[in-house]
Structure formats: C-alpha cells, structure tokens
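Structure below is target03.cif: mmCIF, C-alpha atoms.
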data_input
loop_
_atom_site.group_PDB
_atom_site.id
_atom_site.type_symbol
_atom_site.label_atom_id
_atom_site.label_comp_id
_atom_site.auth_asym_id
_atom_site.auth_seq_id
_atom_site.Cartn_x
_atom_site.Cartn_y
_atom_site.Cartn_z
ATOM 1 C CA ASP K 1 -8.309 15.319 -22.156
ATOM 2 C CA ARG K 2 -5.471 16.981 -20.222
ATOM 3 C CA PRO K 3 -3.033 16.043 -17.454
ATOM 4 C CA PHE K 4 -4.135 16.866 -13.921
ATOM 5 C CA ALA K 5 -2.712 16.717 -10.421
ATOM 6 C CA MET K 6 -4.119 14.863 -7.435
ATOM 7 C CA ALA K 7 -3.408 15.619 -3.798
ATOM 8 C CA GLY K 8 -0.991 13.115 -2.321
ATOM 9 C CA LEU K 9 1.375 12.575 0.570
ATOM 10 C CA TYR K 10 4.926 11.281 0.339
ATOM 11 C CA GLU K 11 7.245 10.261 3.147
ATOM 12 C CA ARG K 12 10.776 8.898 3.176
ATOM 13 C CA TRP K 13 11.649 7.289 6.495
ATOM 14 C CA GLU K 14 13.793 4.731 8.240
ATOM 15 C CA PRO K 15 12.090 2.063 10.361
ATOM 16 C CA PRO K 16 12.868 2.385 14.072
ATOM 17 C CA GLU K 17 15.396 0.083 15.663
ATOM 18 C CA PRO K 18 13.745 -2.685 17.700
ATOM 19 C CA GLU K 19 13.878 -2.123 21.444
ATOM 20 C CA THR K 20 15.271 -5.594 22.025
ATOM 21 C CA ALA K 21 17.871 -7.368 19.959
ATOM 22 C CA GLN K 22 17.897 -11.052 19.227
ATOM 23 C CA THR K 23 21.295 -12.673 18.962
ATOM 24 C CA GLY K 24 21.825 -14.109 15.520
ATOM 25 C CA LEU K 25 24.739 -15.014 13.291
ATOM 26 C CA ASP K 26 25.431 -11.327 12.630
ATOM 27 C CA ALA K 27 26.336 -10.896 16.328
ATOM 28 C CA PHE K 28 29.442 -12.999 15.655
ATOM 29 C CA GLY K 29 30.790 -10.674 12.956
ATOM 30 C CA GLY K 30 29.965 -12.893 9.996
ATOM 31 C CA GLY K 31 27.077 -10.832 8.692
ATOM 32 C CA VAL K 32 23.825 -12.176 7.427
ATOM 33 C CA GLU K 33 22.417 -11.529 3.990
ATOM 34 C CA GLY K 34 19.690 -8.890 4.294
ATOM 35 C CA ALA K 35 20.830 -7.791 7.771
ATOM 36 C CA ASP K 36 20.724 -4.089 8.696
ATOM 37 C CA ASP K 37 24.009 -2.610 7.562
ATOM 38 C CA GLY K 38 22.938 1.051 7.724
ATOM 39 C CA SER K 39 22.660 1.367 3.943
ATOM 40 C CA ASP K 40 19.896 3.108 2.023
ATOM 41 C CA ASP K 41 18.237 -0.306 1.684
ATOM 42 C CA ASP K 42 16.682 0.432 5.086
ATOM 43 C CA ILE K 43 14.950 3.578 3.822
ATOM 44 C CA VAL K 44 11.243 3.198 3.154
ATOM 45 C CA GLU K 45 9.467 5.458 0.674
ATOM 46 C CA THR K 46 5.684 5.609 0.999
ATOM 47 C CA PHE K 47 2.961 7.571 -0.712
ATOM 48 C CA THR K 48 -0.792 7.839 -0.726
ATOM 49 C CA ILE K 49 -3.419 9.577 -2.801
ATOM 50 C CA VAL K 50 -5.658 11.767 -0.653
ATOM 51 C CA THR K 51 -9.376 11.063 -1.074
ATOM 52 C CA THR K 52 -12.561 12.953 -0.266
ATOM 53 C CA GLU K 53 -16.321 12.544 -0.553
ATOM 54 C CA PRO K 54 -17.371 11.789 -4.132
ATOM 55 C CA ASN K 55 -19.061 14.313 -6.382
ATOM 56 C CA ASP K 56 -22.435 13.372 -7.935
ATOM 57 C CA LEU K 57 -20.798 11.735 -10.956
ATOM 58 C CA VAL K 58 -18.485 9.492 -8.930
ATOM 59 C CA ALA K 59 -20.969 8.754 -6.121
ATOM 60 C CA ASP K 60 -22.752 6.185 -8.312
ATOM 61 C CA LEU K 61 -19.437 4.324 -8.706
ATOM 62 C CA HIS K 62 -17.667 4.650 -5.349
ATOM 63 C CA HIS K 63 -17.966 6.121 -1.851
ATOM 64 C CA ARG K 64 -14.864 8.319 -2.254
ATOM 65 C CA MET K 65 -12.753 9.952 -4.938
ATOM 66 C CA ALA K 66 -9.252 11.336 -5.306
ATOM 67 C CA VAL K 67 -8.768 15.006 -4.529
ATOM 68 C CA VAL K 68 -8.168 16.488 -7.977
ATOM 69 C CA LEU K 69 -6.410 19.851 -7.905
ATOM 70 C CA GLU K 70 -7.022 22.799 -10.190
ATOM 71 C CA PRO K 71 -3.746 24.017 -11.752
ATOM 72 C CA SER K 72 -4.041 27.155 -9.617
ATOM 73 C CA GLU K 73 -4.178 24.992 -6.450
ATOM 74 C CA GLU K 74 -1.079 22.886 -7.079
ATOM 75 C CA ALA K 75 1.443 25.315 -5.550
ATOM 76 C CA THR K 76 -0.760 25.741 -2.474
ATOM 77 C CA TRP K 77 -0.910 21.966 -2.005
ATOM 78 C CA LEU K 78 2.849 21.615 -2.357
ATOM 79 C CA HIS K 79 4.015 24.721 -0.497
ATOM 80 C CA GLY K 80 1.077 26.189 1.447
ATOM 81 C CA ASP K 81 0.465 25.849 5.138
ATOM 82 C CA PRO K 82 -1.770 23.023 6.449
ATOM 83 C CA ASP K 83 -4.799 25.302 6.900
ATOM 84 C CA GLU K 84 -4.596 26.312 3.235
ATOM 85 C CA ALA K 85 -4.189 22.683 2.139
ATOM 86 C CA VAL K 86 -7.308 21.583 4.038
ATOM 87 C CA GLU K 87 -9.345 24.042 1.993
ATOM 88 C CA LEU K 88 -8.432 22.083 -1.164
ATOM 89 C CA LEU K 89 -9.955 18.771 -0.027
ATOM 90 C CA ASP K 90 -13.318 19.256 -1.703
ATOM 91 C CA PRO K 91 -14.718 17.052 -4.476
ATOM 92 C CA TYR K 92 -13.803 18.121 -7.987
ATOM 93 C CA PRO K 93 -16.788 19.595 -9.864
ATOM 94 C CA ASP K 94 -18.687 16.804 -11.616
ATOM 95 C CA ASP K 95 -19.428 18.973 -14.646
ATOM 96 C CA GLU K 96 -15.649 19.077 -15.285
ATOM 97 C CA LEU K 97 -15.400 15.273 -15.570
ATOM 98 C CA ILE K 98 -16.587 12.659 -18.054
ATOM 99 C CA ALA K 99 -17.445 9.079 -17.090
ATOM 100 C CA HIS K 100 -17.611 6.149 -19.490
ATOM 101 C CA PRO K 101 -17.592 2.357 -18.975
ATOM 102 C CA VAL K 102 -14.227 0.598 -19.130
ATOM 103 C CA SER K 103 -13.172 -3.033 -18.969
ATOM 104 C CA THR K 104 -13.427 -4.795 -15.618
ATOM 105 C CA ARG K 105 -9.790 -5.766 -16.263
ATOM 106 C CA VAL K 106 -8.926 -2.483 -14.501
ATOM 107 C CA ASN K 107 -9.784 -4.274 -11.240
ATOM 108 C CA SER K 108 -6.597 -6.335 -11.409
ATOM 109 C CA PRO K 109 -3.316 -4.652 -10.457
ATOM 110 C CA ALA K 110 -1.557 -7.264 -12.612
ATOM 111 C CA VAL K 111 -3.078 -5.743 -15.767
ATOM 112 C CA ASP K 112 -1.443 -2.580 -17.082
ATOM 113 C CA ALA K 113 -2.354 -1.789 -20.665
ATOM 114 C CA PRO K 114 -3.222 1.421 -22.493
ATOM 115 C CA GLU K 115 -6.496 0.000 -23.803
ATOM 116 C CA LEU K 116 -7.873 -0.154 -20.276
ATOM 117 C CA ILE K 117 -8.987 3.471 -20.548
ATOM 118 C CA GLU K 118 -10.908 2.902 -23.792
ATOM 119 C CA SER K 119 -14.685 3.023 -23.562
ATOM 120 C CA VAL K 120 -16.404 -0.372 -23.793
ATOM 121 C CA GLY K 121 -20.011 -1.533 -23.861
ATOM 122 C CA ALA K 122 -21.627 -2.649 -20.627
ATOM 123 C CA GLU K 123 -20.006 -5.870 -19.356
#
Can you give me the file's structure in the form of structure tokens?
Amino acid sequence: DRPFAMAGLYERWEPPEPETAQTGLDAFGGGVEGADDGSDDDIVETFTIVTTEPNDLVADLHHRMAVVLEPSEEATWLHGDPDEAVELLDPYPDDELIAHPVSTRVNSPAVDAPELIESVGAE
C-alpha cells in the first residue's frame, strides 16, 4: 500500500577492446554500420536486484526474495560503506507483507498490464 525501495546494483561500463583485431571493411576507411566508432553506443548499462533468503511468507512461493529496504536504510544502501550495506541483506519481515494470488500471466515478460497485481481466485 506504499512505495518501497529494493537493494540493487547499477553499473555503466564500456566493453573491453578485443586483444586481437580481425581485418574487415572498416580497416579500409569505409566504415561498417554498427562498427565501434567510440560513441556512447558502446556504453553498456546493467542493473540487478539483490536477493536474499526468503522470509516465511515468501518461502512457500520461491527460494529467494528481493532485499526490501526500510526507508531508514535507503541512504545507508546508497551511500554507506560495504560493511554497512551487508547488514541490510536480511529478509524483510513477513508480518509487514501481504500475499494474495495473481494471474499466471505475470510469468510472461511480454505481458505488462496494471490488472496483473489484482487478486484472483486460484488458477
């Protein structure tokens, strides 16, 4: 019933240059569509949601759960040192969460609709 934050990791990086180069059309100065031209197109942005052991509520559904942060923990996750961040990787209290059945349509990444979070009868 309220927004919440989850622990995650974000990285922006450039793939390393290959150790060996293969001669292609670009070696003759003509350029090849999609070839490395040093632009920002070569930058890769990646992210992941950090998971932990499930609490009792989630354990019946899955072997792991996202690390959900208390509002008071968000600044520590974002700006604290690694030892402080590790202390936040515990399961969120199950008495703070509510579980209800939802459509199995949530299993498809191709489906993105607001009704997916509505409670449904057992399928």
Subject >> Distance in Å - atom CA of K:Pro101 versus atom CA of K:Val120 >> reply: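 Value for the atom CA of K:Pro101-atom CA of K:Val120 distance: 5.7 Å.
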Subject >> Residues selected by the PyMOL selection byres ((chain K and resi 68-71) around 9), written as a VMD selection string >> reply: chain K and resid 4 to 7 51 65 to 67 72 to 75 77 88 to 92
Grab all the atoms of stretch 85-90 of chain K that the file lists, wrap them in a box along x, y and z, add 4 Å per side, and give me centre plus edge lengths in Å (one decimal) as lines of an AutoDock Vina configuration file.
center_x = -8.8
center_y = 21.4
center_z = 1.2
size_x = 17.1
size_y = 13.3
size_z = 13.7
**OP:** Could you tell me how far atom CA of K:Ile49 lies from atom CA of K:His63, in Å and to one decimal?
**Re:**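 Separation between atom CA of K:Ile49 and atom CA of K:His63: 15.0 Å.
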Original post:
Could you work out how far atom CA of K:Arg2 lies from atom CA of K:Ala99, giving the answer in Å with one decimal?
Top reply: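 About the pair atom CA of K:Ala99 and atom CA of K:Arg2: they are 14.7 Å apart.
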Subject >> Shortest interatomic distance to K:Trp13 - which of K:Leu57, K:Ile98, K:Ile117, K:Val44, counting only C-alpha atoms >> reply: K:Val44
Test item: the PyMOL selection byres ((chain K and resi 15) around 8) resolved as an mmCIF file with C-alpha atoms, in the frame of the given file:
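Below you can see part-v9.cif, which holds the result:
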data_model
loop_
_atom_site.group_PDB
_atom_site.id
_atom_site.type_symbol
_atom_site.label_atom_id
_atom_site.label_comp_id
_atom_site.auth_asym_id
_atom_site.auth_seq_id
_atom_site.Cartn_x
_atom_site.Cartn_y
_atom_site.Cartn_z
ATOM 1 C CA TRP K 13 11.649 7.289 6.495
ATOM 2 C CA GLU K 14 13.793 4.731 8.240
ATOM 3 C CA PRO K 16 12.868 2.385 14.072
ATOM 4 C CA GLU K 17 15.396 0.083 15.663
ATOM 5 C CA ASP K 42 16.682 0.432 5.086
ATOM 6 C CA ILE K 43 14.950 3.578 3.822
ATOM 7 C CA VAL K 44 11.243 3.198 3.154
#
Original post:
Mind telling me what the PyMOL selection byres ((chain K and resi 121) around 12) catches here, as a ChimeraX atom specification?
Top reply: /K:100-104,118-120,122-123
Original post:
From the set K:Asp112, K:Asp81, K:Glu19, K:Glu87, which residue has the shortest atom-to-atom contact distance to K:Thr52, counting all atoms listed in the file?
Top reply: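 Selected residue with least distance to K:Thr52: K:Glu87.
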